[in-house]
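Novice: Here you go, one structure.
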Amino acid sequence: MSPFTGSASRTERWRHLRLTVEEGVATVTLDRPDRLNALTFGAYADLRDLLAELSRERSVRALVLGGEGRGFCSGGDVEEIIGATLAMDTAALLDFNRMTGQVVRALRECPFPVVAAVQGVAAGAGAVLALAADFRIADPSARFAFLFTRVGLSGGDMGAAYLLPRVVGLGHATRLLMLGEPVRAAEAERIGLISELTEEGGAATRAAELARHLADGPALAYAQTKALLTAELDMPLAASVELDAATQALLMNGEDYAEFHAAFTAKRPPKWRGR
């Protein structure tokens, strides 16, 4: 994501979500607890635009994505989105579906790790938002459900058919996307859908701890690792090792690599600068 900006000013207030930033860690909270944080058109657009802004500013080194109350995100709001889409023509529907995909791309392409803190339901689009994060921290109440076929749509929504097989394998992905059955936390951990299972009510705290650890680390190394993980999913081995070589050569000429050697020699912790 380019750090260069045009004439648009920084957004001071986000209407459809809550944002806090503290010492390089951004916390984005979906804030409709009475609706299990169901997404609206505005919420999708805010997520898309916020991720682009944070990526350009380069002040954020890790991000926690969570939901207020007893659920992470129940997906698209049935009344505000599904009802409205029934009245849209094909061009408007394509614009909407492209926008939801842009949110997923922004989560995968932003130059900082994203940690999803999942409690309660992560359904439909909410499950895909968690899937697109780099880490999924969940407590025992978490349950994931890719519900798209249950409303008569393709299970391959918002990039789910691309991402999910790469996380849990084709067999599990086929079952989850075809049937739309809920996957509770214990099974999600078993099949690799979540990164870490916490004690009851512990997902938000653990996600914040992990984000803090990431933000204090070598930010450029993390950014390039994330970029390579995404870029190399569909590359042949020869292209992948060449891209790895070019990336390492650039990082070996950076300040953090030299700082590691200086810190190792002086027997002190490195002072990472993300350069």
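Chain lettering (A, B, ...) mirrors the order of the structure tokens, residue numbering begins at 1 for each chain separately, and ligand numbering begins at 1 in order of display.
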When you look at His172 in chain A with a cut-off of 12 Å (counting only C-alpha atoms), what residues show up, excluding the ones that are within fewer than 2 positions of it in the same chain? I need them as JSON, numbers by chain.

Specialist: {"A": [146, 161, 164, 165, 166, 167, 168, 169, 170, 174, 175, 176, 177, 178, 179, 180, 181, 183, 187, 188, 190, 191, 192, 193]}

Novice: Mind writing the picked residues with N, CA and C atoms as a compact mmCIF listing (two decimals), in the first residue's frame?

Specialist:
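Below is the file again_39.txt, written as the result:
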# COMPACT_ATOMS: atom_id res chain seq x y z
N PHE A 146 -20.02 -20.44 7.80
CA PHE A 146 -20.01 -19.82 6.47
C PHE A 146 -21.38 -20.10 5.85
N ALA A 161 -13.65 -19.04 -0.84
CA ALA A 161 -13.24 -20.25 -1.55
C ALA A 161 -11.76 -20.24 -1.89
N LEU A 164 -10.14 -20.20 2.54
CA LEU A 164 -10.42 -21.28 3.48
C LEU A 164 -9.68 -22.58 3.16
N PRO A 165 -9.61 -23.04 1.89
CA PRO A 165 -8.84 -24.27 1.63
C PRO A 165 -7.37 -24.13 1.98
N ARG A 166 -6.85 -22.92 1.92
CA ARG A 166 -5.45 -22.70 2.23
C ARG A 166 -5.19 -22.68 3.74
N VAL A 167 -6.26 -22.52 4.52
CA VAL A 167 -6.14 -22.52 5.98
C VAL A 167 -6.44 -23.90 6.55
N VAL A 168 -7.51 -24.54 6.07
CA VAL A 168 -7.95 -25.80 6.68
C VAL A 168 -7.88 -26.99 5.73
N GLY A 169 -7.51 -26.77 4.47
CA GLY A 169 -7.49 -27.86 3.50
C GLY A 169 -8.78 -27.93 2.71
N LEU A 170 -8.71 -28.53 1.52
CA LEU A 170 -9.86 -28.56 0.62
C LEU A 170 -11.03 -29.35 1.19
N THR A 174 -14.55 -27.59 1.77
CA THR A 174 -15.74 -28.01 1.01
C THR A 174 -16.92 -28.23 1.94
N ARG A 175 -16.67 -28.91 3.02
CA ARG A 175 -17.76 -29.18 3.98
C ARG A 175 -18.31 -27.88 4.56
N LEU A 176 -17.41 -26.99 4.98
CA LEU A 176 -17.86 -25.76 5.65
C LEU A 176 -18.58 -24.82 4.69
N LEU A 177 -18.07 -24.70 3.45
CA LEU A 177 -18.69 -23.77 2.51
C LEU A 177 -19.94 -24.34 1.85
N MET A 178 -19.97 -25.65 1.64
CA MET A 178 -21.16 -26.27 1.05
C MET A 178 -22.32 -26.32 2.03
N LEU A 179 -22.06 -26.83 3.23
CA LEU A 179 -23.14 -27.11 4.17
C LEU A 179 -23.48 -25.93 5.07
N GLY A 180 -22.53 -25.04 5.30
CA GLY A 180 -22.80 -23.90 6.16
C GLY A 180 -23.02 -24.26 7.61
N GLU A 181 -22.54 -25.44 8.02
CA GLU A 181 -22.76 -25.87 9.40
C GLU A 181 -21.82 -25.13 10.35
N VAL A 183 -19.13 -24.39 13.21
CA VAL A 183 -17.94 -25.06 13.73
C VAL A 183 -17.60 -24.41 15.06
N GLU A 187 -13.48 -27.76 17.59
CA GLU A 187 -13.24 -28.29 16.24
C GLU A 187 -12.44 -27.30 15.41
N ALA A 188 -12.74 -26.00 15.56
CA ALA A 188 -12.00 -24.98 14.81
C ALA A 188 -10.51 -25.05 15.13
N ARG A 190 -8.97 -27.81 16.12
CA ARG A 190 -8.48 -29.09 15.59
C ARG A 190 -8.16 -29.01 14.11
N ILE A 191 -8.98 -28.31 13.34
CA ILE A 191 -8.77 -28.26 11.89
C ILE A 191 -7.89 -27.08 11.46
N GLY A 192 -7.43 -26.30 12.42
CA GLY A 192 -6.52 -25.20 12.10
C GLY A 192 -7.18 -23.90 11.73
N LEU A 193 -8.48 -23.77 11.98
CA LEU A 193 -9.18 -22.54 11.64
C LEU A 193 -8.83 -21.40 12.59

Novice: Hey, what's within 7 Å of range 105-107 of chain A if we count only C-alpha atoms and toss same-chain stuff fewer than 6 positions away? As a JSON list (two decimals) with all heavy atoms, in the first residue's frame, please?

Specialist:
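Output contents, as saved in result_5.json:
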[["chain", "number", "residue", "atom", "x", "y", "z"],
["A", 48, "ARG", "N", -13.21, -0.84, 4.77],
["A", 48, "ARG", "CA", -12.38, -0.68, 3.57],
["A", 48, "ARG", "C", -11.54, 0.60, 3.64],
["A", 48, "ARG", "O", -10.33, 0.57, 3.42],
["A", 48, "ARG", "CB", -13.30, -0.64, 2.34],
["A", 48, "ARG", "CG", -12.60, -0.36, 1.02],
["A", 48, "ARG", "CD", -13.60, 0.14, -0.01],
["A", 48, "ARG", "NE", -14.21, 1.40, 0.41],
["A", 48, "ARG", "CZ", -15.32, 1.91, -0.14],
["A", 48, "ARG", "NH1", -15.94, 1.25, -1.11],
["A", 48, "ARG", "NH2", -15.81, 3.05, 0.30],
["A", 51, "LEU", "N", -8.84, 0.69, 6.70],
["A", 51, "LEU", "CA", -7.64, -0.10, 6.45],
["A", 51, "LEU", "C", -6.72, 0.59, 5.45],
["A", 51, "LEU", "O", -5.49, 0.56, 5.58],
["A", 51, "LEU", "CB", -8.02, -1.49, 5.97],
["A", 51, "LEU", "CG", -8.64, -2.39, 7.05],
["A", 51, "LEU", "CD1", -9.38, -3.56, 6.42],
["A", 51, "LEU", "CD2", -7.58, -2.90, 8.01],
["A", 52, "ALA", "N", -7.29, 1.25, 4.46],
["A", 52, "ALA", "CA", -6.48, 1.99, 3.50],
["A", 52, "ALA", "C", -5.78, 3.17, 4.17],
["A", 52, "ALA", "O", -4.59, 3.41, 3.94],
["A", 52, "ALA", "CB", -7.36, 2.49, 2.35],
["A", 132, "ALA", "N", -9.75, -13.79, 7.09],
["A", 132, "ALA", "CA", -8.79, -12.93, 6.39],
["A", 132, "ALA", "C", -7.73, -12.36, 7.31],
["A", 132, "ALA", "O", -6.72, -11.82, 6.83],
["A", 132, "ALA", "CB", -9.52, -11.80, 5.67],
["A", 133, "ALA", "N", -7.93, -12.44, 8.62],
["A", 133, "ALA", "CA", -6.92, -11.96, 9.57],
["A", 133, "ALA", "C", -5.70, -12.89, 9.54],
["A", 133, "ALA", "O", -5.77, -14.02, 9.08],
["A", 133, "ALA", "CB", -7.50, -11.90, 10.98]]

Novice: Find the residues around Met252 in chain A up to 12 Å (only C-alpha atoms counted), leave out those fewer than 6 positions away in its own chain, and share them as a compact mmCIF listing (two decimals) with all heavy atoms, in the first residue's frame.

Specialist:
# COMPACT_ATOMS: atom_id res chain seq x y z
N LEU A 220 9.03 -4.16 9.66
CA LEU A 220 9.26 -4.37 8.23
C LEU A 220 9.39 -5.85 7.92
O LEU A 220 8.90 -6.32 6.89
CB LEU A 220 10.51 -3.60 7.78
CG LEU A 220 10.80 -3.62 6.28
CD1 LEU A 220 9.62 -3.07 5.50
CD2 LEU A 220 12.07 -2.83 5.98
N ALA A 221 10.04 -6.59 8.79
CA ALA A 221 10.16 -8.04 8.59
C ALA A 221 8.78 -8.70 8.61
O ALA A 221 8.48 -9.59 7.81
CB ALA A 221 11.06 -8.65 9.65
N ASP A 244 11.74 -14.52 -2.62
CA ASP A 244 12.34 -14.57 -1.29
C ASP A 244 13.75 -13.99 -1.30
O ASP A 244 14.14 -13.22 -0.41
CB ASP A 244 12.41 -16.02 -0.78
CG ASP A 244 11.06 -16.58 -0.39
OD1 ASP A 244 10.09 -15.82 -0.35
OD2 ASP A 244 10.99 -17.79 -0.13
N ALA A 245 14.52 -14.34 -2.32
CA ALA A 245 15.90 -13.86 -2.40
C ALA A 245 15.95 -12.35 -2.54
O ALA A 245 16.75 -11.67 -1.87
CB ALA A 245 16.62 -14.53 -3.57
N ALA A 246 15.10 -11.79 -3.40
CA ALA A 246 15.08 -10.34 -3.60
C ALA A 246 14.64 -9.63 -2.33
O ALA A 246 15.21 -8.58 -1.95
CB ALA A 246 14.14 -9.99 -4.76
N ALA A 258 20.95 -4.67 10.68
CA ALA A 258 22.19 -4.20 11.31
C ALA A 258 22.01 -4.04 12.82
O ALA A 258 22.93 -4.33 13.61
CB ALA A 258 22.60 -2.87 10.69
N GLU A 259 20.80 -3.61 13.23
CA GLU A 259 20.53 -3.44 14.66
C GLU A 259 20.57 -4.78 15.38
O GLU A 259 21.06 -4.86 16.52
CB GLU A 259 19.18 -2.77 14.85
CG GLU A 259 18.60 -2.82 16.27
CD GLU A 259 19.47 -2.14 17.32
OE1 GLU A 259 20.42 -1.40 16.97
OE2 GLU A 259 19.22 -2.38 18.52
N PHE A 260 20.06 -5.85 14.75
CA PHE A 260 20.14 -7.16 15.40
C PHE A 260 21.60 -7.53 15.68
O PHE A 260 21.92 -7.99 16.77
CB PHE A 260 19.50 -8.25 14.54
CG PHE A 260 19.87 -9.63 15.02
CD1 PHE A 260 19.27 -10.16 16.15
CD2 PHE A 260 20.88 -10.35 14.40
CE1 PHE A 260 19.64 -11.40 16.63
CE2 PHE A 260 21.26 -11.60 14.88
CZ PHE A 260 20.64 -12.12 15.99
N HIS A 261 22.45 -7.32 14.70
CA HIS A 261 23.86 -7.71 14.89
C HIS A 261 24.50 -6.87 15.98
O HIS A 261 25.24 -7.39 16.83
CB HIS A 261 24.63 -7.53 13.57
CG HIS A 261 26.05 -7.98 13.66
ND1 HIS A 261 27.10 -7.11 13.89
CD2 HIS A 261 26.60 -9.22 13.60
CE1 HIS A 261 28.23 -7.79 13.95
NE2 HIS A 261 27.96 -9.08 13.76
N ARG A 275 12.70 -0.50 9.84
CA ARG A 275 13.35 0.05 8.62
C ARG A 275 14.45 -0.90 8.16
O ARG A 275 15.03 -1.59 8.95
CB ARG A 275 13.98 1.41 8.92
CG ARG A 275 12.94 2.48 9.30
CD ARG A 275 13.64 3.79 9.60
NE ARG A 275 12.70 4.80 10.02
CZ ARG A 275 13.06 6.02 10.42
NH1 ARG A 275 14.33 6.37 10.43
NH2 ARG A 275 12.14 6.88 10.79

Novice: Tell me, as a PyMOL selection string, which residues lie within 9 Å of Leu65 in chain A, counting only C-alpha atoms; anything in the same chain fewer than 5 positions away does not count.

Specialist: chain A and resi 26-30+72+114-118+129-130+133+207

Novice: Need the shell around Trp272 in chain A: protein/DNA/RNA residues with any atom at most 10 Å away, counting only C-alpha atoms. Skip same-chain ones fewer than 2 positions apart. Format as a ChimeraX atom specification?

Specialist: /A:215-220,255-257,259-260,269-270,274-275

Novice: Pick out the closest residue to Leu229 in chain A from this set: A:Asp134, A:Asp31, A:Asp157, A:Glu23. Count only C-alpha atoms.

Specialist: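 Result for the nearest residue to Leu229 in chain A: A:Asp134.
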
Novice: Pick the closest to Thr225 in chain A from A:Arg150, A:Arg35, A:Arg108, A:Arg13: which is it, counting only C-alpha atoms?

Specialist: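 Closest to Thr225 in chain A of all the choices is A:Arg108.
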
Novice: Mind checking DSSP for range 30-138 of chain A and telling me the strand (DSSP E or B) residues as a PyMOL selection string?

Specialist: chain A and resi 30+39+62-67+73+76+114-118+121-123+135-138

Novice: Just the selected residues (N, CA, C and O atoms), exported as a compact mmCIF listing (two decimals), in the first residue's frame, please.

Specialist:
# COMPACT_ATOMS: atom_id res chain seq x y z
N LEU A 30 -16.21 -3.63 16.00
CA LEU A 30 -17.55 -3.57 15.43
C LEU A 30 -18.51 -3.34 16.59
O LEU A 30 -18.50 -4.09 17.57
N LEU A 39 -23.16 -6.46 9.93
CA LEU A 39 -22.57 -5.45 9.06
C LEU A 39 -23.63 -4.76 8.21
O LEU A 39 -24.59 -5.38 7.75
N ALA A 62 0.36 -3.07 14.27
CA ALA A 62 -0.48 -4.26 14.46
C ALA A 62 -1.90 -3.79 14.69
O ALA A 62 -2.13 -2.67 15.18
N LEU A 63 -2.86 -4.65 14.34
CA LEU A 63 -4.27 -4.28 14.47
C LEU A 63 -5.05 -5.43 15.08
O LEU A 63 -4.86 -6.59 14.69
N VAL A 64 -5.91 -5.12 16.02
CA VAL A 64 -6.85 -6.08 16.61
C VAL A 64 -8.24 -5.77 16.07
O VAL A 64 -8.70 -4.63 16.13
N LEU A 65 -8.90 -6.79 15.53
CA LEU A 65 -10.27 -6.65 15.04
C LEU A 65 -11.18 -7.47 15.94
O LEU A 65 -10.98 -8.68 16.09
N GLY A 66 -12.15 -6.81 16.55
CA GLY A 66 -13.04 -7.50 17.48
C GLY A 66 -14.46 -6.98 17.38
O GLY A 66 -14.76 -6.05 16.62
N GLY A 67 -15.33 -7.58 18.15
CA GLY A 67 -16.73 -7.18 18.18
C GLY A 67 -17.18 -6.90 19.61
O GLY A 67 -16.76 -7.60 20.54
N CYS A 73 -19.15 -11.16 14.97
CA CYS A 73 -19.89 -10.53 13.88
C CYS A 73 -20.81 -11.58 13.27
O CYS A 73 -20.35 -12.65 12.87
N GLY A 76 -23.73 -10.09 7.33
CA GLY A 76 -24.51 -8.97 6.80
C GLY A 76 -25.87 -8.89 7.45
O GLY A 76 -26.54 -9.90 7.67
N VAL A 114 -2.82 -8.52 11.36
CA VAL A 114 -4.18 -8.33 11.88
C VAL A 114 -4.52 -9.53 12.76
O VAL A 114 -4.37 -10.68 12.33
N VAL A 115 -4.97 -9.25 13.97
CA VAL A 115 -5.34 -10.29 14.94
C VAL A 115 -6.85 -10.19 15.18
O VAL A 115 -7.32 -9.15 15.66
N ALA A 116 -7.59 -11.22 14.84
CA ALA A 116 -9.03 -11.25 15.12
C ALA A 116 -9.25 -11.85 16.50
O ALA A 116 -8.74 -12.93 16.81
N ALA A 117 -10.02 -11.15 17.33
CA ALA A 117 -10.40 -11.63 18.66
C ALA A 117 -11.85 -12.09 18.58
O ALA A 117 -12.76 -11.27 18.44
N VAL A 118 -12.07 -13.40 18.63
CA VAL A 118 -13.39 -13.96 18.33
C VAL A 118 -14.01 -14.55 19.58
O VAL A 118 -13.46 -15.47 20.20
N VAL A 121 -20.50 -15.68 18.05
CA VAL A 121 -20.72 -15.99 16.65
C VAL A 121 -19.79 -15.21 15.72
O VAL A 121 -19.55 -14.03 15.90
N ALA A 122 -19.25 -15.93 14.74
CA ALA A 122 -18.57 -15.33 13.59
C ALA A 122 -19.19 -16.01 12.38
O ALA A 122 -18.78 -17.10 11.99
N ALA A 123 -20.22 -15.39 11.81
CA ALA A 123 -21.03 -16.06 10.79
C ALA A 123 -21.03 -15.26 9.49
O ALA A 123 -20.91 -14.04 9.49
N PHE A 135 -4.05 -13.79 12.34
CA PHE A 135 -4.19 -14.63 13.53
C PHE A 135 -5.65 -14.59 13.96
O PHE A 135 -6.28 -13.54 13.93
N ARG A 136 -6.17 -15.73 14.39
CA ARG A 136 -7.52 -15.81 14.94
C ARG A 136 -7.41 -16.35 16.36
O ARG A 136 -7.09 -17.53 16.56
N ILE A 137 -7.66 -15.49 17.34
CA ILE A 137 -7.65 -15.86 18.74
C ILE A 137 -9.10 -16.01 19.19
O ILE A 137 -9.90 -15.08 19.04
N ALA A 138 -9.46 -17.17 19.70
CA ALA A 138 -10.86 -17.43 20.03
C ALA A 138 -10.99 -18.01 21.42
O ALA A 138 -10.10 -18.70 21.91
